[in-house]
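The structure appears right after this line, and notes come after that.
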Amino acid sequence: PWETRWALMGASGEIAAGPPANTNYARRNRYIGFWCLDIGEDYTLTMKDLQGDGICCAWGQGSFVGKLDDEEIFRSDDSDYKKLSFDFSVKTRLTRQPTKRPTTQPTRPVTFVRGDLSQEITDLGLRISTGMSVRVIARANQRVRYASGGLSGRRFHSMPDGATVTPLEGGGYAYVSNAEMEQRRGGVYA
């Protein structure tokens, strides 16, 4: 563990390195690190082993794995080495669904530009960003029409305020709406 060092390099120089100053990696431990990398940039991860025997020997076999957006891009093997380098690029990823983690730059194509309210929806009295769409899914004090055509048994609450759409574990989405009402009658509705 005392002989293992690594560095992640980008176009502007060193981004991260390990282990931290004046420390060594402990035996039989797992270390995980996450970094937000810029889209369109090239990077190099360099692993160094001062003894030249790789991550191994008296305390068992060690290994390391590099992943980019949960996709494996490199993995160590059992070979002896003093220095190994892995070059990789962060490419633009086209997504149609929300990403698992926030991205440092917008995914392509950009569908929302803050402040761009160039599309007018006159029947709803709204202005929205180019590329976005809107539809009414509920109105205050009215029963909600389901996608199947049926109606909800309860009326949508009377004071819709802030809201979000959140993914469900089994698939699909839930619309969650906040209501701020007098005498503690408000709450969150889904």
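Following the order of the structure tokens, chains are lettered A, B, ..., residues in each are numbered from 1, and ligands are numbered from 1.
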List the spatial neighbours of Pro160 in chain A as a list of chain:residue names - criterion: any atom at most 7 Å away, only C-alpha atoms, same-chain residues fewer than 2 positions off excluded.
A:Ala140, A:His157, A:Ser158, A:Gly162, A:Ser177, A:Asn178, A:Ala179
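Those residues that approach Asp123 in chain A to within 12 Å, counting only C-alpha atoms, are Arg127, Val134, Arg135 and Val136 of chain A; same-chain residues fewer than 4 positions away are not listed.
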Pull C-alpha atoms from the residues just selected and write them as a short mmCIF file (atom, residue, chain, number, x, y, z; two decimals), in the first residue's frame.
data_model
loop_
_atom_site.label_atom_id
_atom_site.label_comp_id
_atom_site.auth_asym_id
_atom_site.auth_seq_id
_atom_site.Cartn_x
_atom_site.Cartn_y
_atom_site.Cartn_z
CA ARG A 127 -44.41 31.85 -22.18
CA VAL A 134 -46.66 22.07 -21.72
CA ARG A 135 -49.95 20.37 -20.99
CA VAL A 136 -52.51 20.75 -18.22
#
Range 76-80 of chain A environment, 6 Å, only C-alpha atoms, sequence neighbours closer than 3 positions dropped, as a ChimeraX atom specification
/A:52-54,63-64
Could you name the residues that touch Ser85 in chain A at 7 Å or less, counting only C-alpha atoms, but leaving out those on the same chain fewer than 4 positions away, as a list in words?
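Counting only the stated atoms, we get Thr44, Leu45, Thr46 and Met47 of chain A.
Our summary of the geometry notes that CA of Ile55 in chain A is positioned 8.7 Å from CA of Tyr81 in chain A.
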So, counting only C-alpha atoms, which residue among A:Ile137, A:Val90, A:Pro19, A:Met181 is closest to Gly149 in chain A?
A:Ile137
One decimal place gives the CA of Lys67 in chain A-CA of Trp35 in chain A separation as 10.6 Å
Given the choices A:Leu68, A:Val144, A:Leu117, A:Arg139, which gets closest to Asp161 in chain A if the distance is worked out from only C-alpha atoms?
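The answer is A:Arg139, which sits nearest to Asp161 in chain A.
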